[in-house]
Amino acid sequence: MATIFYDKDANPELIKSKKVAIVGFGSQGHAHALNLKESGVDVTVALRPPGQGPGSKSWAKAEAAGLKVASVADATQWADVIMMLAPDTSQAEIYTESVEPYLTEGKTLMFAHGFNIRYGTITPPANVDVTMVAPKAPGHRVRETYTEGGGTPCLIAVHQDASGHAQAQAIAYAWGIGCTRAGGLTTTFAEETETDLFGEQSVLCGGVSELVKAAFETLVEAGYQPELAYFETMHELKLIVDLFYRGGLNYMRYSVSDTAEHGDYVSGKRLITEETKHEMSQILKDIQDGTYAKNWIEENKNGRPWFNEERKRQQNHPIEKVGAELRAMMPFLNPVTIKPGE
């Protein structure tokens, strides 16, 4: 059983007494910085200065949010704790150029995802603490739940404990962003990285996306209206996932009709077969042995040619066109439209 830490287990002074640099101001970066600040922590957002590469556009946004902003090098020299929240594929370069030269003894290097430690693209010196606090939610939810008085669960891991109190400080950091309100589960960098990548690829992003598109295409190709296909295969998915979220598979089956529950039992295994499970095991193997990371790192070094082309192709799938039109008719959804190329 995992060890889970809550607010009662945290010593807030361990983080409130530190100067914290948040590297990056994207989804997670803005949430961590604002939550920590409102928890009484001295925070500076670390970014490339305007005009000096990706990420620098966030400088004005961070200042407008009332946060202190500095270059990554200056923030690293100033800080006791450096939390790396830039994209995984940018972290190694940022670390080498602007963090490593100033990562002196006694500082703490933190991550919200173990990718760069697990796959060896960042190798910190032995005289610093290396920890992880990984919220199990997108950054906007980390921020929203905090402002509502709640929190999102997180994973807590220690890679290096040079100080002897690395875990206690990580728990205090999790308190600062509101995660110990929901619970912080202990793990390792390897376990977090491998399960996170597997979950994204097999279910949360890859699996669900392909299942929805295949079902939509099957209905449309059989002559059914695209609008009806959209509602049946994508729109209603949220209703089912919300039931999962609240009470698991049992609550979903309790809540739907007996006919829907019967369909679950007779057809689910026709779709998710032993062949599918075998392919999942191969996906996990590629994650565990580093094949996936190696290919993704190489893709980025080459300018992302396949990734960019595939993104464009996926953004132009018919379900996206139909969905955008239908969502525009439902303003209560607060619909968002991503233009191809963004």
# chains A, B, ... in the order shown; residues from 1 in each chain; ligands from 1
$ residues_around --residues "region 128-134 of chain A" --least-positions-apart "2" --cutoff "9 Å" --atoms "only C-alpha atoms" --output "VMD selection string"
chain A and resid 83 103 to 114 124 to 126 136 to 137 153 to 167 169 to 171 173 to 174 179 184 188 to 189 192
$ select_by_dssp --residues "region 100-281 of chain A" --states "helix (DSSP H, G or I)" --output "ChimeraX atom specification"
/A:100-102,115-118,139-147,166-176,179-181,189-204,206-221,226-235,237-255,258-271,274-281
$ closest_residue --among "A:Gly207, A:Gly323, A:Pro49, A:Glu194" --to "Leu228 (chain A)" --atoms "only C-alpha atoms"
A:Gly323
$ residues_around --residues "region 330-339 of chain A" --least-positions-apart "2" --cutoff "12 Å" --atoms "only C-alpha atoms" --output "PyMOL selection string"
chain A and resi 235+238+311-312+314-316+320-328+341-342
